[in-house]
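Colleague: One structure is given below, represented as structure tokens, and several questions about it will come after.
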Number of protein chains: 2
Amino acid sequence: MATIKEVAKQAGVSVATVSRVLNETGYVHEDTRAKVNQAIQHLHYTPNEVARSLFKRKSKLIGLLLPDITNPYFPELARGVEDRMQESNYRLIFGNSDEDEHKERDYIQTFVQNNVVGVISSTNDPNAVSYSKLKIPVVFLDRTSDDKPSVFADGREGGRIAAQEMVRRGSRGIVIQRGPQQVRPAQDRFLGAMEVLESAPGVTVDIMQNASFSYNEAVQGAKELFEKFPQTDGIIASNDIAGAALLHEALRLNKRIPEDVQIIGFDDIPLSSLVYPPLSTIRQPAYEMGREAAELLIQFIENNLVAQHKIQLPVSFMERGTTRKVD
Amino acid sequence: MATIKEVAKQAGVSVATVSRVLNETGYVHEDTRAKVNQAIQHLHYTPNEVARSLFKRKSKLIGLLLPDITNPYFPELARGVEDRMQESNYRLIFGNSDEDEHKERDYIQTFVQNNVVGVISSTNDPNAVSYSKLKIPVVFLDRTSDDKPSVFADGREGGRIAAQEMVRRGSRGIVIQRGPQQVRPAQDRFLGAMEVLESAPGVTVDIMQNASFSYNEAVQGAKELFEKFPQTDGIIASNDIAGAALLHEALRLNKRIPEDVQIIGFDDIPLSSLVYPPLSTIRQPAYEMGREAAELLIQFIENNLVAQHKIQLPVSFMERGTTRKVD
DNA sequence: TTGTAAGCGTTATCAA
DNA sequence: TTGATAACGCTTACAA
């Protein structure tokens, strides 16, 4: 790789001048600029970002920490983040945390060692010291804490809507799948659903606990749910994976969907419309959330201040084939 | 962040000595080492990777370029790569290329500018100059070129197996979905399937072209396929997304699966076992492929040479619910 | 309008 | 066994 020195020599000027045309800073004569640009072209020069980063004590790198890219909800977020970052020439250092505190700390540390200028994280503990001691801006994505910048969906409302739709469409023996305890959005949904169901006349509600959001857990959880509550006529799944697993199991048990049992998921991952019947779900605009988080972080980085620190995006009911029609 | 200088001062030694204990290079007295380590602890010092990278002209960063993380096949690859890299303390700069040559070039360039020590890429054109002019090792993942280091699955064999299973299980009017022209593995599968089907007695074969591997395309493609070939009793899908879409459409058209029509997908993404009936498919060990690619790249980086440049992983038939039982 | 030189935080060479 | 110091490639005073 050519260096600024070689460009300078080639163009017959000093490195300072080259730097000036590179960064469009300070005066430089049109003719000199031309000469320099020619040299740059000729040598295929492209500045060493590492040297820049060292001098400026800031890079064009962002740390992105997600629980598990293998869980289909997160790629949407990641893609949203990437697309927005890309537009402003930031690059992503990416890591899977597995919701493991230790891994998170490790990643944060290497982010810092690499001079990242900001971090986007989907963590269960936004108040962890790893974050609060950071001197660079952090945006929490899909997870939130009261005083920290964050982008998330209205889980509580999502839970409410799911419960309302379930009841409105005729289910009376409802099972709520409660997602992992540590995962805030999962608890919000649960609370929202309970809120509605507790006061719904003639409705009985049972609860099943999910320990994680993994595929295996989803499949296992579906089996257990129908063993424990074979009579249920409506299930609010903890997310779409769980919802799909539930649908699968119900079909396997020869239940008619949605006649015998209705199912509502959460997230609206691409898979949801691909299963048959397509899964009714509470949509979270994941891609958009990713973009918004990136946008917010960029504002922090480039302006050092920002109006809106918490961005809550609306959820919506996607009526599909696992819920009954009603007018 | 504390610097090496501060550590040196705190420990009452020179930066050279601190560097020595940091890198375990050269002699250093036990007592001095202790003092230094104490200072490091005390200041929570952690070396600036950017400065290191500048001096050494190499970092602990790897560039990872995938077509689209939103396509459920790629997160598996990515996760495999990440897990292996993580074990050797490499970090990933990640980008989506959308199979766009220009985006790829852009990314490769910034990878270089950031001193990455290696690149893993899933590209349609491993022979592009962007790659061949690189001075750092590149491993191609899921795509291959004759003379370049790569990790991929045996697509040809996959196609053959799919065709054999289809015929063996009784389909006679078979439609092959041919994936995007530029995507090598898609063509390999197609060729493999054709190879078997052309010489299969009593079998008619039709071809449908897929322009891309997107969700929308999959859904649209499924509709078109059944419009054009309503009588087909066996479909070799271009991948699992397409397979799931086909299954969806078949069910919607009240076809019995697998009695009326058999479907075989490719990839074995997690979704495949979640649909109902679960999708029979040709499995590619994506996670393992990711790990292998990482492993290979690390060998290149750390040893500068390597025995095996091309690693082909075996595919296998996953018999599930969209194919008929047979003994 | 341009050039010289210091400095960003490391590592490695050389001398002590 | 340790310390001074140049160098990595860049940007930014400051001087010219």
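Letters for chains follow the order of the structure tokens (A, B, ...), residue numbers begin at 1 for each chain, and ligand numbers begin at 1 in the order shown.
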Please report as a Markdown table every residue of chain A lying within 10 Å of chain C, along with the nearest atom pair and their distance in Å (one decimal), using only C-alpha atoms (C1' of nucleotides).
Modeller:
```
| residue | atom | partner | partner_atom | distance |
| --- | --- | --- | --- | --- |
| A:Val13 | CA | C:DT2 | C1' | 8.3 |
| A:Ser14 | CA | C:DG3 | C1' | 6.3 |
| A:Val15 | CA | C:DG3 | C1' | 8.6 |
| A:Ala16 | CA | C:DG3 | C1' | 7.3 |
| A:Thr17 | CA | C:DT2 | C1' | 7.0 |
| A:Gly26 | CA | C:DT1 | C1' | 9.2 |
| A:Tyr27 | CA | C:DT1 | C1' | 6.4 |
| A:Val28 | CA | C:DT1 | C1' | 6.0 |
| A:His29 | CA | C:DT1 | C1' | 6.5 |
| A:Thr32 | CA | C:DT1 | C1' | 9.6 |
| A:Ala51 | CA | C:DC8 | C1' | 8.4 |
| A:Arg52 | CA | C:DC8 | C1' | 8.9 |
| A:Ser53 | CA | C:DC8 | C1' | 8.5 |
| A:Leu54 | CA | C:DC8 | C1' | 5.2 |
| A:Phe55 | CA | C:DC8 | C1' | 4.1 |
| A:Lys56 | CA | C:DC8 | C1' | 7.1 |
| A:Arg57 | CA | C:DC8 | C1' | 7.3 |
```
Colleague: Kindly export the residues of the current selection with N, CA, C and O atoms, as an mmCIF file, in the first residue's frame.
Modeller:
```cif
data_model
loop_
_atom_site.group_PDB
_atom_site.id
_atom_site.type_symbol
_atom_site.label_atom_id
_atom_site.label_comp_id
_atom_site.auth_asym_id
_atom_site.auth_seq_id
_atom_site.Cartn_x
_atom_site.Cartn_y
_atom_site.Cartn_z
ATOM 1 N N VAL A 13 5.388 17.550 -3.540
ATOM 2 C CA VAL A 13 4.959 18.461 -2.465
ATOM 3 C C VAL A 13 5.242 17.797 -1.118
ATOM 4 O O VAL A 13 5.782 16.709 -1.075
ATOM 5 N N SER A 14 4.882 18.476 -0.043
ATOM 6 C CA SER A 14 5.092 17.883 1.270
ATOM 7 C C SER A 14 3.878 17.047 1.688
ATOM 8 O O SER A 14 2.790 17.194 1.130
ATOM 9 N N VAL A 15 4.073 16.192 2.684
ATOM 10 C CA VAL A 15 2.962 15.363 3.140
ATOM 11 C C VAL A 15 1.828 16.226 3.686
ATOM 12 O O VAL A 15 0.657 15.870 3.583
ATOM 13 N N ALA A 16 2.192 17.363 4.256
ATOM 14 C CA ALA A 16 1.166 18.250 4.809
ATOM 15 C C ALA A 16 0.197 18.678 3.713
ATOM 16 O O ALA A 16 -1.025 18.667 3.916
ATOM 17 N N THR A 17 0.742 18.978 2.587
ATOM 18 C CA THR A 17 -0.116 19.402 1.474
ATOM 19 C C THR A 17 -1.036 18.270 1.034
ATOM 20 O O THR A 17 -2.224 18.471 0.808
ATOM 21 N N GLY A 26 -7.736 23.704 5.037
ATOM 22 C CA GLY A 26 -6.705 24.702 4.752
ATOM 23 C C GLY A 26 -6.603 24.995 3.257
ATOM 24 O O GLY A 26 -7.226 24.338 2.428
ATOM 25 N N TYR A 27 -5.837 25.983 2.942
ATOM 26 C CA TYR A 27 -5.701 26.407 1.543
ATOM 27 C C TYR A 27 -4.786 25.480 0.761
ATOM 28 O O TYR A 27 -3.827 24.941 1.296
ATOM 29 N N VAL A 28 -5.113 25.285 -0.476
ATOM 30 C CA VAL A 28 -4.183 24.618 -1.376
ATOM 31 C C VAL A 28 -4.495 25.053 -2.808
ATOM 32 O O VAL A 28 -5.648 25.072 -3.232
ATOM 33 N N HIS A 29 -3.483 25.427 -3.493
ATOM 34 C CA HIS A 29 -3.622 25.951 -4.847
ATOM 35 C C HIS A 29 -4.248 24.906 -5.770
ATOM 36 O O HIS A 29 -3.974 23.722 -5.654
ATOM 37 N N THR A 32 -1.757 22.681 -7.453
ATOM 38 C CA THR A 32 -1.170 21.697 -6.545
ATOM 39 C C THR A 32 -2.165 20.583 -6.289
ATOM 40 O O THR A 32 -1.828 19.399 -6.319
ATOM 41 N N ALA A 51 -3.559 4.721 11.069
ATOM 42 C CA ALA A 51 -2.737 5.870 11.433
ATOM 43 C C ALA A 51 -3.632 7.058 11.779
ATOM 44 O O ALA A 51 -3.413 7.769 12.757
ATOM 45 N N ARG A 52 -4.651 7.241 10.982
ATOM 46 C CA ARG A 52 -5.601 8.314 11.254
ATOM 47 C C ARG A 52 -6.213 8.151 12.630
ATOM 48 O O ARG A 52 -6.292 9.075 13.429
ATOM 49 N N SER A 53 -6.649 6.932 12.855
ATOM 50 C CA SER A 53 -7.325 6.648 14.102
ATOM 51 C C SER A 53 -6.403 6.902 15.293
ATOM 52 O O SER A 53 -6.816 7.442 16.323
ATOM 53 N N LEU A 54 -5.158 6.519 15.127
ATOM 54 C CA LEU A 54 -4.207 6.705 16.225
ATOM 55 C C LEU A 54 -4.035 8.182 16.527
ATOM 56 O O LEU A 54 -4.094 8.609 17.681
ATOM 57 N N PHE A 55 -3.854 8.941 15.502
ATOM 58 C CA PHE A 55 -3.654 10.376 15.715
ATOM 59 C C PHE A 55 -4.888 11.060 16.298
ATOM 60 O O PHE A 55 -4.805 11.797 17.272
ATOM 61 N N LYS A 56 -6.006 10.787 15.688
ATOM 62 C CA LYS A 56 -7.227 11.488 16.100
ATOM 63 C C LYS A 56 -7.873 10.915 17.357
ATOM 64 O O LYS A 56 -8.806 11.470 17.888
ATOM 65 N N ARG A 57 -7.410 9.789 17.722
ATOM 66 C CA ARG A 57 -8.027 9.079 18.845
ATOM 67 C C ARG A 57 -9.498 8.776 18.574
ATOM 68 O O ARG A 57 -10.303 8.663 19.470
#
```
Colleague: So that I can check the secondary structure, give me every residue of stretch 127-321 of chain A assigned helix (DSSP H, G or I) by backbone DSSP, as a ChimeraX atom specification.
Modeller: /A:129-132,155-168,184-198,215-228,240-252,271-274,286-303
Colleague: Enumerate, in order of chain and increasing residue number, the residues of chain A with an atom no farther than 9 Å from chain B, each with its shortest atom pair and distance in Å to one decimal, counting only C-alpha atoms, as a Markdown table.
Modeller:
```
| residue | atom | partner | partner_atom | distance |
| --- | --- | --- | --- | --- |
| A:Met1 | CA | B:Val112 | CA | 8.8 |
| A:Thr46 | CA | B:Gln113 | CA | 7.1 |
| A:Pro47 | CA | B:Gln113 | CA | 6.6 |
| A:Asn48 | CA | B:Gln113 | CA | 4.9 |
| A:Glu49 | CA | B:Gln113 | CA | 5.2 |
| A:Val50 | CA | B:Asn114 | CA | 5.6 |
| A:Ala51 | CA | B:Leu54 | CA | 6.0 |
| A:Ser53 | CA | B:Val50 | CA | 7.1 |
| A:Leu54 | CA | B:Val50 | CA | 6.0 |
| A:Leu61 | CA | B:Ile93 | CA | 8.8 |
| A:Asp68 | CA | B:Arg79 | CA | 8.1 |
| A:Ile69 | CA | B:Pro75 | CA | 5.7 |
| A:Thr70 | CA | B:Pro75 | CA | 5.1 |
| A:Asn71 | CA | B:Pro75 | CA | 8.2 |
| A:Pro72 | CA | B:Pro72 | CA | 6.9 |
| A:Phe74 | CA | B:Thr70 | CA | 8.6 |
| A:Pro75 | CA | B:Thr70 | CA | 5.1 |
| A:Glu76 | CA | B:Thr70 | CA | 5.9 |
| A:Ala78 | CA | B:Ile69 | CA | 7.9 |
| A:Arg79 | CA | B:Thr70 | CA | 6.8 |
| A:Glu82 | CA | B:Gly95 | CA | 7.3 |
| A:Asp83 | CA | B:Asn96 | CA | 8.5 |
| A:Gln86 | CA | B:Gly95 | CA | 8.8 |
| A:Arg91 | CA | B:Ile93 | CA | 6.9 |
| A:Leu92 | CA | B:Ile93 | CA | 5.5 |
| A:Ile93 | CA | B:Ile93 | CA | 4.5 |
| A:Phe94 | CA | B:Leu92 | CA | 5.8 |
| A:Gly95 | CA | B:Glu82 | CA | 7.3 |
| A:Asn96 | CA | B:Glu82 | CA | 7.8 |
| A:Tyr107 | CA | B:Arg91 | CA | 8.8 |
| A:Gln109 | CA | B:Thr46 | CA | 8.3 |
| A:Thr110 | CA | B:Glu49 | CA | 8.2 |
| A:Val112 | CA | B:Asn48 | CA | 8.3 |
| A:Gln113 | CA | B:Asn48 | CA | 5.0 |
| A:Asn114 | CA | B:Glu49 | CA | 5.4 |
| A:Asn115 | CA | B:Val50 | CA | 7.1 |
| A:Tyr215 | CA | B:Pro270 | CA | 7.5 |
| A:Val219 | CA | B:Leu274 | CA | 8.1 |
| A:Ile241 | CA | B:Leu274 | CA | 8.2 |
| A:Ala244 | CA | B:Leu274 | CA | 6.4 |
| A:Ala245 | CA | B:Leu274 | CA | 5.8 |
| A:Leu247 | CA | B:Tyr276 | CA | 8.0 |
| A:His248 | CA | B:Tyr276 | CA | 5.4 |
| A:Glu249 | CA | B:Tyr276 | CA | 8.4 |
| A:Leu251 | CA | B:Tyr276 | CA | 7.2 |
| A:Arg252 | CA | B:Tyr276 | CA | 7.8 |
| A:Pro270 | CA | B:Tyr215 | CA | 7.5 |
| A:Leu271 | CA | B:Leu271 | CA | 7.0 |
| A:Leu274 | CA | B:Ala245 | CA | 5.8 |
| A:Val275 | CA | B:Val275 | CA | 5.6 |
| A:Tyr276 | CA | B:His248 | CA | 5.4 |
| A:Pro277 | CA | B:His248 | CA | 7.6 |
| A:Pro278 | CA | B:His248 | CA | 8.4 |
```
Colleague: Nearest to chain D among B:Val18, B:Leu225, B:Ile236, B:Leu191, with distances taken over only C-alpha atoms (C1' of nucleotides): which residue is it?
Modeller: B:Val18
Colleague: Would you please give, as a ChimeraX atom specification, all residues of stretch 28-259 of chain A that DSSP assigns to strand (DSSP E or B) based on the backbone?
Modeller: /A:61-66,91-96,118-121,138-141,150-153,173-178,204-209,234-236
Colleague: Those same residues, written as a PDB file, in the first residue's frame with C-alpha atoms?
Modeller:
```
ATOM      1  CA  LEU A  61     -15.551   1.976  13.533  1.00  0.00           C
ATOM      2  CA  ILE A  62     -18.678   1.107  15.497  1.00  0.00           C
ATOM      3  CA  GLY A  63     -19.088  -1.833  17.839  1.00  0.00           C
ATOM      4  CA  LEU A  64     -22.232  -3.891  17.365  1.00  0.00           C
ATOM      5  CA  LEU A  65     -23.120  -6.432  19.998  1.00  0.00           C
ATOM      6  CA  LEU A  66     -26.070  -8.759  19.472  1.00  0.00           C
ATOM      7  CA  ARG A  91     -17.857   0.145   9.596  1.00  0.00           C
ATOM      8  CA  LEU A  92     -19.021  -2.428  12.080  1.00  0.00           C
ATOM      9  CA  ILE A  93     -17.056  -4.641  14.397  1.00  0.00           C
ATOM     10  CA  PHE A  94     -19.549  -7.314  15.149  1.00  0.00           C
ATOM     11  CA  GLY A  95     -19.907  -9.792  17.987  1.00  0.00           C
ATOM     12  CA  ASN A  96     -22.357 -12.330  19.369  1.00  0.00           C
ATOM     13  CA  GLY A 118     -19.715   4.275  19.429  1.00  0.00           C
ATOM     14  CA  VAL A 119     -21.464   1.088  20.430  1.00  0.00           C
ATOM     15  CA  ILE A 120     -24.850  -0.408  19.683  1.00  0.00           C
ATOM     16  CA  SER A 121     -25.809  -3.198  21.995  1.00  0.00           C
ATOM     17  CA  VAL A 138     -23.823   3.755  23.475  1.00  0.00           C
ATOM     18  CA  VAL A 139     -27.269   3.084  22.076  1.00  0.00           C
ATOM     19  CA  PHE A 140     -29.262   0.171  23.378  1.00  0.00           C
ATOM     20  CA  LEU A 141     -31.229  -1.656  20.785  1.00  0.00           C
ATOM     21  CA  SER A 150     -32.280   3.347  23.360  1.00  0.00           C
ATOM     22  CA  VAL A 151     -34.411   2.221  20.474  1.00  0.00           C
ATOM     23  CA  PHE A 152     -37.051  -0.366  21.182  1.00  0.00           C
ATOM     24  CA  ALA A 153     -40.563  -1.454  20.388  1.00  0.00           C
ATOM     25  CA  GLY A 173     -58.791 -20.770  27.562  1.00  0.00           C
ATOM     26  CA  ILE A 174     -55.620 -18.894  26.865  1.00  0.00           C
ATOM     27  CA  VAL A 175     -52.042 -19.862  27.533  1.00  0.00           C
ATOM     28  CA  ILE A 176     -49.394 -17.191  27.665  1.00  0.00           C
ATOM     29  CA  GLN A 177     -45.870 -18.238  26.992  1.00  0.00           C
ATOM     30  CA  ARG A 178     -43.649 -16.159  29.175  1.00  0.00           C
ATOM     31  CA  THR A 204     -59.015 -18.374  31.998  1.00  0.00           C
ATOM     32  CA  VAL A 205     -55.315 -17.853  31.592  1.00  0.00           C
ATOM     33  CA  ASP A 206     -52.401 -20.174  32.157  1.00  0.00           C
ATOM     34  CA  ILE A 207     -48.714 -19.477  31.985  1.00  0.00           C
ATOM     35  CA  MET A 208     -45.831 -21.425  30.524  1.00  0.00           C
ATOM     36  CA  GLN A 209     -42.278 -20.349  31.102  1.00  0.00           C
ATOM     37  CA  GLY A 234     -55.525 -19.778  22.223  1.00  0.00           C
ATOM     38  CA  ILE A 235     -51.801 -19.310  22.726  1.00  0.00           C
ATOM     39  CA  ILE A 236     -49.802 -16.123  22.940  1.00  0.00           C
TER      40      ILE A 236
END
```
Colleague: Quick one: pull the distance between atom CA of A:Glu165 and atom CA of A:Lys255, Å, one decimal.
Modeller: 20.2 Å
Colleague: Per residue of chain D within 7 Å of chain A, note the shortest atom pair and the distance in Å to one decimal, counting only C-alpha atoms (C1' of nucleotides), and order the rows by chain and increasing residue number, as a tab-separated table.
Modeller:
```
residue	atom	partner	partner_atom	distance
D:DG9	C1'	A:Ala51	CA	5.1
D:DC10	C1'	A:Ala51	CA	5.0
D:DT11	C1'	A:Phe55	CA	6.8
```
Colleague: Could you dump the residues just selected with N, CA, C and O atoms (P, O5', C5', C4', C3', O3' and C1' of nucleotides) as a PDB file, in the first residue's frame?
Modeller:
```pdb
ATOM      1  P    DG D   9       4.289   2.890   6.984  1.00  0.00           P
ATOM      2  O5'  DG D   9       3.118   3.950   7.119  1.00  0.00           O
ATOM      3  C5'  DG D   9       1.794   3.487   7.330  1.00  0.00           C
ATOM      4  C4'  DG D   9       0.917   4.681   7.600  1.00  0.00           C
ATOM      5  C3'  DG D   9       0.969   5.766   6.514  1.00  0.00           C
ATOM      6  O3'  DG D   9      -0.356   6.104   6.189  1.00  0.00           O
ATOM      7  C1'  DG D   9       1.388   6.715   8.642  1.00  0.00           C
ATOM      8  P    DC D  10      -0.751   7.231   5.201  1.00  0.00           P
ATOM      9  O5'  DC D  10      -1.143   8.381   6.219  1.00  0.00           O
ATOM     10  C5'  DC D  10      -2.441   8.358   6.777  1.00  0.00           C
ATOM     11  C4'  DC D  10      -2.482   9.179   8.030  1.00  0.00           C
ATOM     12  C3'  DC D  10      -2.690  10.670   7.816  1.00  0.00           C
ATOM     13  O3'  DC D  10      -4.098  10.905   7.839  1.00  0.00           O
ATOM     14  C1'  DC D  10      -1.135  10.190   9.581  1.00  0.00           C
ATOM     15  P    DT D  11      -4.630  12.353   7.418  1.00  0.00           P
ATOM     16  O5'  DT D  11      -4.335  13.203   8.747  1.00  0.00           O
ATOM     17  C5'  DT D  11      -5.117  12.958   9.895  1.00  0.00           C
ATOM     18  C4'  DT D  11      -4.775  13.981  10.951  1.00  0.00           C
ATOM     19  C3'  DT D  11      -5.135  15.422  10.589  1.00  0.00           C
ATOM     20  O3'  DT D  11      -5.645  16.004  11.773  1.00  0.00           O
ATOM     21  C1'  DT D  11      -2.840  15.298  11.092  1.00  0.00           C
TER      22       DT D  11
END
```
Colleague: Just to confirm, what's the straight-line distance from atom CA of A:Gly159 to atom CA of A:Asp188 in Å (one decimal)?
Modeller: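 Atom-to-atom, atom CA of A:Gly159 and atom CA of A:Asp188 are spaced 7.2 Å apart.
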Colleague: Determine, counting only C-alpha atoms (C1' of nucleotides), which protein, DNA and RNA residues have an atom within 9 Å of an atom of B:Asn37; residues of the same chain fewer than 3 positions away are not included. Present the result as a PDB file with C-alpha atoms, in the first residue's frame.
Modeller:
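Output file part14.pdb follows:
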```pdb
ATOM      1  CA  VAL B   7       1.944   2.325  33.329  1.00  0.00           C
ATOM      2  CA  ALA B  11       5.739   1.142  37.886  1.00  0.00           C
ATOM      3  CA  VAL B  18       6.302  -2.574  30.104  1.00  0.00           C
ATOM      4  CA  VAL B  21       6.102  -7.873  30.011  1.00  0.00           C
ATOM      5  CA  LEU B  22       3.057  -7.207  27.862  1.00  0.00           C
ATOM      6  CA  THR B  32       9.996  -5.809  37.796  1.00  0.00           C
ATOM      7  CA  ARG B  33       7.407  -7.931  36.129  1.00  0.00           C
ATOM      8  CA  ALA B  34       5.397  -7.952  39.325  1.00  0.00           C
ATOM      9  CA  ILE B  40      -1.385  -2.503  34.822  1.00  0.00           C
ATOM     10  CA  GLN B  41      -4.018  -3.818  37.183  1.00  0.00           C
ATOM     11  CA  HIS B  42      -4.158  -0.612  39.067  1.00  0.00           C
TER      12      HIS B  42
END
```
Colleague: Enter the distance from atom CA of A:Ala211 to atom CA of A:Gln182, in Å, rounded to one decimal.
Modeller: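 Computing the Euclidean distance for atom CA of A:Ala211 and atom CA of A:Gln182 yields 9.3 Å.
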Colleague: Leaving out A:Glu295 and any residue of its chain fewer than 5 positions from it, which residues lie within 9 Å of it when counting only C-alpha atoms (C1' of nucleotides), given as a compact mmCIF listing (two decimals) with N, CA and C atoms, in the first residue's frame?
Modeller:
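And here is the file that came out, part08.txt:
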```txt
# COMPACT_ATOMS: atom_id res chain seq x y z
N VAL A 81 -28.90 -1.56 11.04
CA VAL A 81 -27.74 -0.84 11.56
C VAL A 81 -26.70 -0.68 10.45
N ARG A 84 -27.54 1.84 7.59
CA ARG A 84 -27.43 3.25 7.95
C ARG A 84 -25.97 3.65 8.17
N MET A 85 -25.22 2.79 8.82
CA MET A 85 -23.82 3.09 9.10
C MET A 85 -23.02 3.25 7.81
N GLY A 290 -33.15 -1.01 13.77
CA GLY A 290 -31.71 -0.99 13.55
C GLY A 290 -31.26 0.33 12.95
N PHE A 300 -25.24 11.30 18.06
CA PHE A 300 -24.40 11.44 19.24
C PHE A 300 -22.96 11.68 18.86
```
